[in-house]
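Heads up, entry.pdb below (PDB, C-alpha atoms and all ligand atoms):
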```
ATOM      1  CA  MET A   1     139.826  68.667  87.409
ATOM      2  CA  SER A   2     140.289  66.700  84.263
ATOM      3  CA  SER A   3     143.652  66.811  82.578
ATOM      4  CA  ILE A   4     142.063  68.266  79.440
ATOM      5  CA  MET A   5     141.491  71.848  80.415
ATOM      6  CA  ASP A   6     138.369  73.693  79.461
ATOM      7  CA  GLU A   7     139.266  76.128  76.715
ATOM      8  CA  ARG A   8     137.232  78.851  78.391
ATOM      9  CA  VAL A   9     139.436  78.544  81.481
ATOM     10  CA  THR A  10     142.675  78.472  79.495
ATOM     11  CA  ASP A  11     141.653  81.591  77.590
ATOM     12  CA  GLU A  12     140.632  83.384  80.751
ATOM     13  CA  ILE A  13     143.919  82.600  82.514
ATOM     14  CA  GLU A  14     145.915  83.676  79.468
ATOM     15  CA  ALA A  15     144.054  86.969  79.316
ATOM     16  CA  LEU A  16     144.493  87.553  83.074
ATOM     17  CA  GLU A  17     148.232  86.996  82.842
ATOM     18  CA  ALA A  18     148.515  89.219  79.765
ATOM     19  CA  ILE A  19     146.584  92.103  81.326
ATOM     20  CA  LEU A  20     147.466  91.960  85.011
ATOM     21  CA  MET A  21     151.006  90.605  84.515
ATOM     22  CA  ASP A  22     152.858  90.630  87.859
ATOM     23  CA  ASP A  23     149.712  91.679  89.723
ATOM     24  CA  VAL A  24     148.136  88.252  89.376
ATOM     25  CA  VAL A  25     149.371  84.981  90.843
ATOM     26  CA  ILE A  26     148.098  81.769  89.270
ATOM     27  CA  LYS A  27     148.734  78.699  91.368
ATOM     28  CA  ARG A  28     148.994  75.485  89.378
ATOM     29  CA  VAL A  29     149.390  71.822  90.104
ATOM     30  CA  GLY A  30     151.308  70.538  87.102
ATOM     31  CA  ASP A  31     149.755  72.482  84.226
ATOM     32  CA  VAL A  32     146.355  72.738  85.790
ATOM     33  CA  PRO A  33     145.470  76.129  87.265
ATOM     34  CA  GLN A  34     144.051  75.806  90.773
ATOM     35  CA  SER A  35     143.605  79.348  92.007
ATOM     36  CA  ILE A  36     143.887  82.963  90.967
ATOM     37  CA  GLU A  37     145.016  85.633  93.409
ATOM     38  CA  THR A  38     145.223  89.364  92.912
ATOM     39  CA  VAL A  39     145.309  92.442  95.141
ATOM     40  CA  LEU A  40     142.626  94.948  94.186
ATOM     41  CA  HIS A  41     142.589  98.704  94.758
ATOM     42  CA  PRO A  42     140.081 101.421  93.968
ATOM     43  CA  SER A  43     140.361 103.002  90.539
ATOM     44  CA  THR A  44     142.230 106.237  91.151
ATOM     45  CA  GLY A  45     144.310 106.310  87.997
ATOM     46  CA  ASP A  46     147.947 106.090  88.956
ATOM     47  CA  ASP A  47     147.494 108.053  92.153
ATOM     48  CA  ILE A  48     148.423 105.412  94.712
ATOM     49  CA  ASP A  49     148.316 107.961  97.543
ATOM     50  CA  GLN A  50     144.596 108.340  97.001
ATOM     51  CA  GLN A  51     143.897 104.619  97.455
ATOM     52  CA  TYR A  52     142.649 104.149 100.996
ATOM     53  CA  VAL A  53     141.207 100.650 100.774
ATOM     54  CA  CYS A  54     142.233  97.328  99.258
ATOM     55  CA  ALA A  55     141.498  93.607  99.389
ATOM     56  CA  THR A  56     143.012  90.432  97.991
ATOM     57  CA  LEU A  57     140.706  88.448  95.732
ATOM     58  CA  ILE A  58     141.255  84.693  95.737
ATOM     59  CA  VAL A  59     139.352  82.584  93.241
ATOM     60  CA  LYS A  60     139.701  78.856  93.710
ATOM     61  CA  LEU A  61     138.745  77.044  90.532
ATOM     62  CA  THR A  62     136.354  74.196  91.205
ATOM     63  CA  PRO A  63     136.568  71.052  89.007
ATOM     64  CA  GLY A  64     133.499  71.954  86.952
ATOM     65  CA  TYR A  65     134.353  75.665  86.522
ATOM     66  CA  PRO A  66     133.007  77.616  84.642
ATOM     67  CA  ASP A  67     129.904  75.416  84.605
ATOM     68  CA  THR A  68     129.982  75.565  88.402
ATOM     69  CA  SER A  69     130.810  78.611  90.491
ATOM     70  CA  PRO A  70     134.388  78.958  91.730
ATOM     71  CA  GLU A  71     135.112  79.482  95.451
ATOM     72  CA  VAL A  72     135.694  83.182  96.033
ATOM     73  CA  THR A  73     137.322  84.718  99.095
ATOM     74  CA  LEU A  74     138.430  88.224  99.977
ATOM     75  CA  ARG A  75     141.510  88.202 102.132
ATOM     76  CA  ASN A  76     143.285  91.017 104.000
ATOM     77  CA  PRO A  77     140.613  93.662 103.519
ATOM     78  CA  ARG A  78     141.998  97.063 104.541
ATOM     79  CA  GLY A  79     140.057 100.192 105.421
ATOM     80  CA  LEU A  80     136.728  98.361 104.994
ATOM     81  CA  ASP A  81     134.321  97.803 107.850
ATOM     82  CA  ASP A  82     132.102  94.739 108.245
ATOM     83  CA  GLU A  83     129.093  96.371 106.672
ATOM     84  CA  VAL A  84     130.956  97.320 103.490
ATOM     85  CA  LEU A  85     132.518  93.853 103.310
ATOM     86  CA  ALA A  86     129.165  92.126 103.765
ATOM     87  CA  ASN A  87     127.776  94.204 100.903
ATOM     88  CA  ILE A  88     130.705  93.253  98.633
ATOM     89  CA  HIS A  89     130.225  89.574  99.480
ATOM     90  CA  LEU A  90     126.543  89.831  98.655
ATOM     91  CA  GLN A  91     127.302  91.343  95.265
ATOM     92  CA  ILE A  92     129.920  88.640  94.615
ATOM     93  CA  ARG A  93     127.353  85.916  95.297
ATOM     94  CA  GLU A  94     124.876  87.542  92.921
ATOM     95  CA  LYS A  95     127.513  87.886  90.228
ATOM     96  CA  LEU A  96     128.525  84.219  90.602
ATOM     97  CA  ALA A  97     124.921  83.111  90.272
ATOM     98  CA  ASP A  98     124.463  85.259  87.143
ATOM     99  CA  CYS A  99     127.612  84.030  85.449
ATOM    100  CA  ILE A 100     127.402  80.250  85.721
ATOM    101  CA  GLY A 101     128.642  78.742  82.476
ATOM    102  CA  GLN A 102     131.007  81.579  81.622
ATOM    103  CA  PRO A 103     134.382  82.727  82.985
ATOM    104  CA  VAL A 104     133.750  85.160  85.822
ATOM    105  CA  VAL A 105     137.109  86.350  87.129
ATOM    106  CA  PHE A 106     137.269  89.578  85.105
ATOM    107  CA  GLU A 107     133.703  90.355  86.101
ATOM    108  CA  LEU A 108     134.605  89.812  89.755
ATOM    109  CA  ILE A 109     137.671  92.016  89.502
ATOM    110  CA  GLU A 110     135.627  94.793  87.955
ATOM    111  CA  LEU A 111     132.829  94.436  90.503
ATOM    112  CA  ILE A 112     135.164  94.527  93.497
ATOM    113  CA  ARG A 113     137.126  97.440  92.066
ATOM    114  CA  GLU A 114     133.891  99.376  91.679
ATOM    115  CA  CYS A 115     132.941  98.599  95.284
ATOM    116  CA  LEU A 116     136.380  99.673  96.505
ATOM    117  CA  THR A 117     136.182 102.900  94.511
ATOM    118  CA  GLU A 118     132.811 103.671  96.080
ATOM    119  CA  SER A 119     134.159 102.993  99.581
ATOM    120  CA  ASN A 120     137.491 104.663  99.081
ATOM    121  CA  LEU A 121     137.579 106.321 102.472
ATOM    122  CA  PRO A 122     138.635 104.570 105.645
ATOM    123  CA  SER A 123     135.636 103.311 107.565
ATOM    124  CA  GLY A 124     135.773 102.067 111.111
ATOM    125  CA  GLN A 125     137.807 103.574 113.896
ATOM    126  CA  CYS A 126     141.314 104.761 114.530
ATOM    127  CA  MET A 127     142.642 101.825 116.523
ATOM    128  CA  ILE A 128     144.690 104.105 118.760
ATOM    129  CA  CYS A 129     141.986 106.451 120.084
ATOM    130  CA  LEU A 130     138.964 104.352 119.021
ATOM    131  CA  PHE A 131     137.201 107.417 117.619
ATOM    132  CA  GLY A 132     135.974 107.268 114.027
ATOM    133  CA  PHE A 133     137.186 109.413 111.143
ATOM    134  CA  THR A 134     135.065 112.457 110.595
ATOM    135  CA  LYS A 135     135.155 115.201 108.006
ATOM    136  CA  GLY A 136     138.021 117.524 108.749
ATOM    137  CA  ASP A 137     140.145 114.916 110.550
ATOM    138  CA  MET A 138     143.737 114.558 109.440
ATOM    139  CA  PHE A 139     144.483 110.900 108.994
ATOM    140  CA  ILE A 140     147.292 108.807 107.621
ATOM    141  CA  LYS A 141     147.458 105.532 105.749
ATOM    142  CA  THR A 142     150.404 103.268 106.473
ATOM    143  CA  GLU A 143     152.073 101.086 103.843
ATOM    144  CA  CYS A 144     150.042  98.194 105.254
ATOM    145  CA  TYR A 145     146.752 100.066 104.634
ATOM    146  CA  HIS A 146     145.989 100.720 108.269
ATOM    147  CA  TYR A 147     144.503 104.079 109.236
ATOM    148  CA  PHE A 148     145.130 106.344 112.152
ATOM    149  CA  HIS A 149     144.545 109.955 112.970
ATOM    150  CA  SER A 150     147.866 111.640 112.200
ATOM    151  CA  HIS A 151     147.827 113.064 115.722
ATOM    152  CA  CYS A 152     147.339 109.636 117.321
ATOM    153  CA  LEU A 153     149.998 107.911 115.254
ATOM    154  CA  ALA A 154     152.503 110.678 115.979
ATOM    155  CA  LEU A 155     151.898 110.310 119.711
ATOM    156  CA  HIS A 156     152.133 106.542 119.490
ATOM    157  CA  LEU A 157     155.405 106.566 117.544
ATOM    158  CA  LEU A 158     156.975 109.152 119.826
ATOM    159  CA  SER A 159     155.923 107.186 122.906
ATOM    160  CA  SER A 160     157.243 103.952 121.391
ATOM    161  CA  ARG A 161     160.623 105.533 120.852
ATOM    162  CA  GLN A 162     160.652 106.940 124.366
ATOM    163  CA  TYR A 163     159.731 103.536 125.756
ATOM    164  CA  TYR A 164     162.496 101.900 123.716
ATOM    165  CA  GLU A 165     165.068 104.401 125.008
ATOM    166  CA  GLU A 166     163.925 103.994 128.601
ATOM    167  CA  GLU A 167     164.112 100.211 128.396
ATOM    168  CA  LYS A 168     167.532 100.431 126.780
ATOM    169  CA  GLU A 169     168.792 102.585 129.637
ATOM    170  CA  LYS A 170     167.948  99.798 132.069
ATOM    171  CA  LEU A 171     170.161  97.272 130.277
ATOM    172  CA  ALA A 172     173.794  96.502 130.954
ATOM    173  CA  PRO A 173     176.164  98.299 128.547
ATOM    174  CA  TRP A 174     176.933  95.137 126.561
ATOM    175  CA  GLN A 175     173.205  94.460 126.162
ATOM    176  CA  GLN A 176     172.662  98.039 124.998
ATOM    177  CA  MET A 177     175.265  97.536 122.272
ATOM    178  CA  THR A 178     173.609  94.398 120.917
ATOM    179  CA  ARG A 179     170.001  95.615 121.171
ATOM    180  CA  ALA A 180     168.234  95.867 117.825
ATOM    181  CA  PRO A 181     167.819  99.488 116.733
ATOM    182  CA  PHE A 182     164.455 101.197 117.194
ATOM    183  CA  LYS A 183     161.965 100.767 114.372
ATOM    184  CA  GLU A 184     158.769 102.652 113.722
ATOM    185  CA  ILE A 185     156.100  99.961 113.373
ATOM    186  CA  CYS A 186     152.394  99.876 112.624
ATOM    187  CA  PRO A 187     150.641  99.399 115.978
ATOM    188  CA  ILE A 188     148.162  96.982 114.417
ATOM    189  CA  CYS A 189     150.161  94.596 112.255
ATOM    190  CA  ARG A 190     153.724  95.497 113.356
ATOM    191  CA  ILE A 191     155.023  95.984 109.840
ATOM    192  CA  GLU A 192     157.818  98.548 109.778
ATOM    193  CA  VAL A 193     156.530 101.904 108.551
ATOM    194  CA  THR A 194     158.509 104.764 107.087
ATOM    195  CA  ILE A 195     156.752 107.620 108.808
ATOM    196  CA  ASP A 196     158.589 110.420 110.498
ATOM    197  CA  PRO A 197     156.478 111.351 113.558
ATOM    198  CA  SER A 198     157.820 114.897 113.467
ATOM    199  CA  SER A 199     156.148 115.333 110.066
ATOM    200  CA  LEU A 200     152.796 114.688 111.807
ATOM    201  CA  ALA A 201     153.544 116.870 114.810
ATOM    202  CA  GLY A 202     151.224 119.723 113.832
ATOM    203  CA  ALA A 203     148.204 117.482 113.234
ATOM    204  CA  PRO A 204     145.194 118.427 115.357
ATOM    205  CA  PRO A 205     143.634 115.805 117.661
ATOM    206  CA  PRO A 206     140.657 113.868 116.236
ATOM    207  CA  LEU A 207     137.592 116.097 116.100
ATOM    208  CA  SER A 208     135.387 113.509 117.801
ATOM    209  CA  SER A 209     137.736 113.425 120.760
ATOM    210  CA  VAL A 210     137.594 117.204 121.085
ATOM    211  CA  ASN A 211     133.813 117.195 121.081
ATOM    212  CA  ALA A 212     133.391 114.099 123.237
ATOM    213  CA  ALA A 213     132.155 114.363 126.798
ATOM    214  CA  PRO A 214     135.044 114.023 129.228
ATOM    215  CA  PHE A 215     135.576 110.548 130.595
ATOM    216  CA  PHE A 216     134.793 109.944 134.207
ATOM    217  CA  LEU A 217     134.557 106.813 136.256
ATOM    218  CA  THR A 218     130.928 106.235 137.145
ATOM    219  CA  ASP A 219     129.854 104.355 140.285
ATOM    220  CA  GLU A 220     128.745 101.544 138.032
ATOM    221  CA  MET A 221     132.248 101.118 136.673
ATOM    222  CA  LYS A 222     133.934 101.159 140.053
ATOM    223  CA  VAL A 223     134.779  97.908 141.797
ATOM    224  CA  SER A 224     132.779  97.653 144.948
ATOM    225  CA  ASP A 225     134.126  95.724 147.916
ATOM    226  CA  HIS A 226     130.581  95.120 149.098
ATOM    227  CA  ALA A 227     129.068  93.780 145.914
ATOM    228  CA  PRO A 228     128.345  90.049 146.175
ATOM    229  CA  PRO A 229     129.993  87.692 143.679
ATOM    230  CA  PRO A 230     127.780  86.475 140.812
ATOM    231  CA  ILE A 231     125.275  83.964 142.164
ATOM    232  CA  SER A 232     126.012  81.493 139.378
ATOM    233  CA  SER A 233     129.665  81.443 140.392
ATOM    234  CA  VAL A 234     128.730  80.644 143.999
ATOM    235  CA  ASN A 235     126.458  77.762 142.994
ATOM    236  CA  ALA A 236     128.711  76.427 140.244
ATOM    237  CA  GLU A 237     130.314  72.998 140.436
ATOM    238  CA  PRO A 238     133.992  73.135 141.372
ATOM    239  CA  PHE A 239     136.219  73.344 138.319
ATOM    240  CA  ILE A 240     137.727  70.064 137.119
ATOM    241  CA  LEU A 241     140.051  69.737 134.146
ATOM    242  CA  THR A 242     138.389  67.034 132.063
ATOM    243  CA  ASP A 243     140.111  64.837 129.482
ATOM    244  CA  GLU A 244     138.116  66.703 126.856
ATOM    245  CA  MET A 245     139.619  70.022 127.961
ATOM    246  CA  LYS A 246     143.098  68.529 128.062
ATOM    247  CA  GLU A 247     142.604  67.362 124.491
ATOM    248  CA  LEU A 248     141.442  70.868 123.551
ATOM    249  CA  GLN A 249     144.493  72.380 125.267
ATOM    250  CA  ARG A 250     146.718  70.034 123.305
ATOM    251  CA  LYS A 251     145.016  70.997 120.046
ATOM    252  CA  MET A 252     145.333  74.709 120.865
ATOM    253  CA  ALA A 253     149.032  74.267 121.696
ATOM    254  CA  ASP A 254     149.532  72.566 118.306
ATOM    255  CA  LEU A 255     147.649  75.382 116.603
ATOM    256  CA  LEU A 256     149.780  77.993 118.346
ATOM    257  CA  ALA A 257     152.953  76.184 117.284
ATOM    258  CA  TYR A 258     151.645  76.051 113.706
ATOM    259  CA  GLN A 259     150.739  79.756 113.711
ATOM    260  CA  GLN A 260     154.127  80.626 115.158
ATOM    261  CA  ALA A 261     155.890  78.588 112.479
ATOM    262  CA  LYS A 262     153.872  80.470 109.850
ATOM    263  CA  GLY A 263     154.755  83.819 111.418
ATOM    264  CA  GLY A 264     151.125  84.412 112.301
ATOM    265  CA  ILE A 265     151.619  85.392 115.947
ATOM    266  CA  ILE A 266     152.191  89.100 115.982
ATOM    267  CA  GLY A 267     154.639  90.349 118.537
ATOM    268  CA  TYR A 268     155.391  86.938 120.006
ATOM    269  CA  GLY A 269     158.810  87.077 121.636
ATOM    270  CA  ASP A 270     159.389  90.684 120.555
ATOM    271  CA  SER A 271     161.175  92.993 122.907
ATOM    272  CA  GLY A 272     159.350  96.176 121.814
ATOM    273  CA  PRO A 273     156.138  97.571 123.234
ATOM    274  CA  ALA A 274     152.995  95.547 122.627
ATOM    275  CA  PRO A 275     150.864  96.890 119.813
ATOM    276  CA  LEU A 276     148.063  99.122 121.030
ATOM    277  CA  THR A 277     148.937  99.009 124.680
ATOM    278  CA  ILE A 278     147.331 102.025 126.208
ATOM    279  CA  THR A 279     147.802 103.045 129.795
ATOM    280  CA  THR A 280     146.676 105.999 131.837
ATOM    281  CA  PRO A 281     148.862 108.179 134.055
ATOM    282  CA  GLU A 282     147.311 106.351 137.042
ATOM    283  CA  ASP A 283     148.554 103.023 135.666
ATOM    284  CA  ASN A 284     152.032 104.418 135.447
ATOM    285  CA  GLU A 285     151.839 105.581 139.031
ATOM    286  CA  ASN A 286     150.608 102.162 140.091
ATOM    287  CA  ASN A 287     153.458 100.529 138.274
ATOM    288  CA  ASP A 288     155.975 102.876 139.892
ATOM    289  CA  ASN A 289     154.587 101.885 143.259
ATOM    290  CA  ASN A 290     154.361  98.233 142.388
ATOM    291  CA  GLY A 291     157.163  97.083 144.603
ATOM    292  CA  THR A 292     155.640  98.628 147.712
ATOM    293  CA  SER A 293     151.917  98.289 147.222
ATOM    294  CA  GLY A 294     151.740  94.525 147.749
ATOM    295  CA  CYS A 295     148.236  94.404 146.287
ATOM    296  CA  SER A 296     148.829  93.369 142.698
ATOM    297  CA  GLN A 297     145.567  91.449 142.696
ATOM    298  CA  ASP A 298     143.597  94.616 143.383
ATOM    299  CA  SER A 299     145.388  96.653 140.781
ATOM    300  CA  LYS A 300     144.726  93.991 138.154
ATOM    301  CA  VAL A 301     141.051  94.041 138.988
ATOM    302  CA  SER A 302     140.813  97.783 138.699
ATOM    303  CA  ASN A 303     142.694  97.795 135.411
ATOM    304  CA  ALA A 304     140.386  95.203 133.971
ATOM    305  CA  ASN A 305     137.394  97.117 135.143
ATOM    306  CA  SER A 306     138.252 100.523 133.846
ATOM    307  CA  GLY A 307     138.093  99.455 130.210
ATOM    308  CA  ILE A 308     141.702 100.300 129.494
ATOM    309  CA  ILE A 309     143.646  98.224 127.025
ATOM    310  CA  ASN A 310     146.728  97.001 128.773
ATOM    311  CA  ASN A 311     147.693  93.639 127.441
ATOM    312  CA  ARG A 312     150.952  93.557 129.264
ATOM    313  CA  GLN A 313     151.291  92.639 132.877
ATOM    314  CA  SER A 314     153.367  94.921 134.970
ATOM    315  CA  GLY A 315     156.683  93.365 135.764
ATOM    316  CA  ASN A 316     160.194  94.077 136.799
ATOM    317  CA  GLY A 317     161.632  94.504 133.329
ATOM    318  CA  ASN A 318     163.225  91.094 133.321
ATOM    319  CA  SER A 319     163.792  90.657 129.613
ATOM    320  CA  SER A 320     164.743  86.999 129.973
ATOM    321  CA  ASN A 321     161.033  86.287 130.347
ATOM    322  CA  ASP A 322     160.308  87.370 126.810
ATOM    323  CA  ASN A 323     160.517  83.878 125.385
ATOM    324  CA  SER A 324     158.342  82.106 127.863
ATOM    325  CA  ALA A 325     156.408  78.991 126.929
ATOM    326  CA  PRO A 326     153.309  79.234 124.738
ATOM    327  CA  GLY A 327     150.264  80.076 126.765
ATOM    328  CA  SER A 328     152.056  81.959 129.499
ATOM    329  CA  PRO A 329     152.163  85.679 128.714
ATOM    330  CA  ALA A 330     155.574  87.202 129.010
ATOM    331  CA  ALA A 331     155.941  89.341 132.110
ATOM    332  CA  ARG A 332     156.925  92.690 130.709
ATOM    333  CA  PRO A 333     156.829  96.184 132.098
ATOM    334  CA  ALA A 334     153.724  98.164 131.205
ATOM    335  CA  TYR A 335     154.149 100.371 128.190
ATOM    336  CA  ARG A 336     153.846 104.056 129.026
ATOM    337  CA  GLY A 337     151.590 104.839 126.131
ATOM    338  CA  PRO A 338     150.449 108.192 124.899
ATOM    339  CA  TYR A 339     147.269 108.202 126.997
TER     340      TYR A 339
HETATM  341 ZN    ZN B   1     142.906 108.341 116.602
HETATM  342 ZN    ZN B   2     149.537  97.752 109.714
END
```
Show me this structure written as structure tokens.
Amino acid sequence: MSSIMDERVTDEIEALEAILMDDVVIKRVGDVPQSIETVLHPSTGDDIDQQYVCATLIVKLTPGYPDTSPEVTLRNPRGLDDEVLANIHLQIREKLADCIGQPVVFELIELIRECLTESNLPSGQCMICLFGFTKGDMFIKTECYHYFHSHCLALHLLSSRQYYEEEKEKLAPWQQMTRAPFKEICPICRIEVTIDPSSLAGAPPPLSSVNAAPFFLTDEMKVSDHAPPPISSVNAEPFILTDEMKELQRKMADLLAYQQAKGGIIGYGDSGPAPLTITTPEDNENNDNNGTSGCSQDSKVSNANSGIINNRQSGNGNSSNDNSAPGSPAARPAYRGPY
């Protein structure tokens, strides 16, 4: 970008700062504005409780802007499913094409706000029960704009606390004293939430779950001892770690270290329950019997096959494993989730 700024850009930035004030962040290198960032919500007047969706608009000013289109991204969309997002992106592209030669940021803000207002209801699923939101469901929005059925979140928070207490009981007294206090956290992004589960206690279960056919394990889902292994696996060349793969592993390890340094790895090294770990009563029984069964391989196979989310391996509760090396999942006890 030339050091003499285009007056159209200067005027636009001035107006943005005057109108949006603290809600807009202009990143500059020296005096030259590089990008504009603002969090957008649906237009609901001042009623923040009625805003169920949001997204962060980032406009990166290209050197020729406004005679060339800026680079536009939507970051951290909340409550919006892929279809809605794709539609917003399409409209953004059309708007950019229409507005070449003139400042476009206000137009974009208005366009996205309109889209958010139209889609101001959570779309997608409750990430706890995986059922959608239907008319009549009681749902809750966390501070981080994640949605759950009130019933599901209440169960999750209560189970998390119970899990925390049970794990605490297992510790030596001095460890119990130094253990961080329990926090209610969003099961998706792990941000602390200020929700009292007892306030959700009366919420009915999601309507779709009430009307859904009961789950049963079909023959197809069951692991058969007699089924042959996949033919391709029998005929495949034996696995050899090539230099190329080693290089990839090194790159991935660097990436993990970078993400960790940026705080991008959710739950890494945490002592609390994994987000969205769901187990069945059978899993709990299996875990109770773990020491005597001697067939951990089999139980892993059946867990993987039954479509149950259980991203924690069963273990012996040895908390010193929590900070194991990148790439090796910490051996933690299975979380006794609500289901
Ligand atoms: Zn739910
Ligand atoms: Zn969240």
**Study point:** Atom-to-atom span, CA of Asp219 in chain A and CA of Cys126 in chain A, Å
**Key:**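 Separation between CA of Asp219 in chain A and CA of Cys126 in chain A: 28.2 Å.
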Which chain A residues have any atom within 7 Å of an atom of ligand ZN 1 (chain B), and for each, what is the nearest pair of atoms with distance in Å to one decimal, counting all atoms listed in the file, rows sorted by chain and number, as a Markdown table?
```
| residue | atom | partner | partner_atom | distance |
| --- | --- | --- | --- | --- |
| A:Cys126 | CA | B:ZN1 | ZN | 4.4 |
| A:Met127 | CA | B:ZN1 | ZN | 6.5 |
| A:Ile128 | CA | B:ZN1 | ZN | 5.1 |
| A:Cys129 | CA | B:ZN1 | ZN | 4.1 |
| A:Leu130 | CA | B:ZN1 | ZN | 6.1 |
| A:Phe131 | CA | B:ZN1 | ZN | 5.9 |
| A:Phe148 | CA | B:ZN1 | ZN | 5.4 |
| A:His149 | CA | B:ZN1 | ZN | 4.3 |
| A:His151 | CA | B:ZN1 | ZN | 6.9 |
| A:Cys152 | CA | B:ZN1 | ZN | 4.7 |
| A:Pro206 | CA | B:ZN1 | ZN | 6.0 |
```
Residues within 10 Å of ligand ZN 2 (chain B) (only C-alpha atoms and all ligand atoms), as a short mmCIF file (atom, residue, chain, number, x, y, z; two decimals) with C-alpha atoms, in the frame of the given file?
```cif
data_model
loop_
_atom_site.label_atom_id
_atom_site.label_comp_id
_atom_site.auth_asym_id
_atom_site.auth_seq_id
_atom_site.Cartn_x
_atom_site.Cartn_y
_atom_site.Cartn_z
CA ARG A 78 142.00 97.06 104.54
CA LYS A 141 147.46 105.53 105.75
CA THR A 142 150.40 103.27 106.47
CA GLU A 143 152.07 101.09 103.84
CA CYS A 144 150.04 98.19 105.25
CA TYR A 145 146.75 100.07 104.63
CA HIS A 146 145.99 100.72 108.27
CA TYR A 147 144.50 104.08 109.24
CA PHE A 148 145.13 106.34 112.15
CA ILE A 185 156.10 99.96 113.37
CA CYS A 186 152.39 99.88 112.62
CA PRO A 187 150.64 99.40 115.98
CA ILE A 188 148.16 96.98 114.42
CA CYS A 189 150.16 94.60 112.26
CA ARG A 190 153.72 95.50 113.36
CA ILE A 191 155.02 95.98 109.84
CA GLU A 192 157.82 98.55 109.78
CA VAL A 193 156.53 101.90 108.55
#
```
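Picked out by the PyMOL selection byres (((chain A and resi 158) around 10) and not hetatm) when it runs on this file: Cys152, Leu153, Ala154, Leu155, His156, Leu157, Ser159, Ser160, Arg161, Gln162, Tyr163, Tyr164, Glu184, Asp196, Pro197, Ser198, Ala201, Gly337 and Pro338 of chain A.
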Practice item. Would you write out, as JSON, numbers by chain, every residue that the PyMOL selection byres (((chain A and resi 109) around 10) and not hetatm) captures in this file? Key: {"A": [38, 39, 40, 41, 57, 92, 104, 105, 106, 107, 108, 110, 111, 112, 113, 114, 115]}
Suppose we keep C-alpha atoms; can you now write the selection as a compact mmCIF listing (two decimals), in the coordinates of the input?
```
# COMPACT_ATOMS: atom_id res chain seq x y z
CA THR A 38 145.22 89.36 92.91
CA VAL A 39 145.31 92.44 95.14
CA LEU A 40 142.63 94.95 94.19
CA HIS A 41 142.59 98.70 94.76
CA LEU A 57 140.71 88.45 95.73
CA ILE A 92 129.92 88.64 94.62
CA VAL A 104 133.75 85.16 85.82
CA VAL A 105 137.11 86.35 87.13
CA PHE A 106 137.27 89.58 85.10
CA GLU A 107 133.70 90.36 86.10
CA LEU A 108 134.60 89.81 89.76
CA GLU A 110 135.63 94.79 87.96
CA LEU A 111 132.83 94.44 90.50
CA ILE A 112 135.16 94.53 93.50
CA ARG A 113 137.13 97.44 92.07
CA GLU A 114 133.89 99.38 91.68
CA CYS A 115 132.94 98.60 95.28
```
**Study point:** Atom pair CA of Thr10 in chain A / CA of Thr56 in chain A: separation (Å)
**Key:**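 CA of Thr10 in chain A sits 22.0 Å away from CA of Thr56 in chain A.
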Exercise for review: Tell me which of A:Arg179, A:Ser209, A:Thr194, A:Phe215 sits closest to Thr134 in chain A, counting only C-alpha atoms.
Suggested key: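 Between A:Arg179, A:Ser209, A:Thr194, A:Phe215, the residue approaching Thr134 in chain A most closely is A:Ser209.
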Point to revise | Among the residues A:Ile36, A:Ala227, A:Gln176, A:Asp243, the one that comes closest to Glu14 in chain A [using all atoms listed in the file] | key: A:Ile36
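Separating CA of Leu20 in chain A from CA of Asp82 in chain A is a distance of 28.0 Å.
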Practice item. Would you mind listing what lies within 10 Å of Met5 in chain A as number ranges by chain, with only C-alpha atoms counted and same-chain residues fewer than 6 positions away left out? Key: A: 31-33, 63
**Study point:** Residue nearest Gln50 in chain A - candidates A:Val9, A:Val25, A:Ile140, A:Met221, atoms counted: only C-alpha atoms
**Key:** A:Ile140
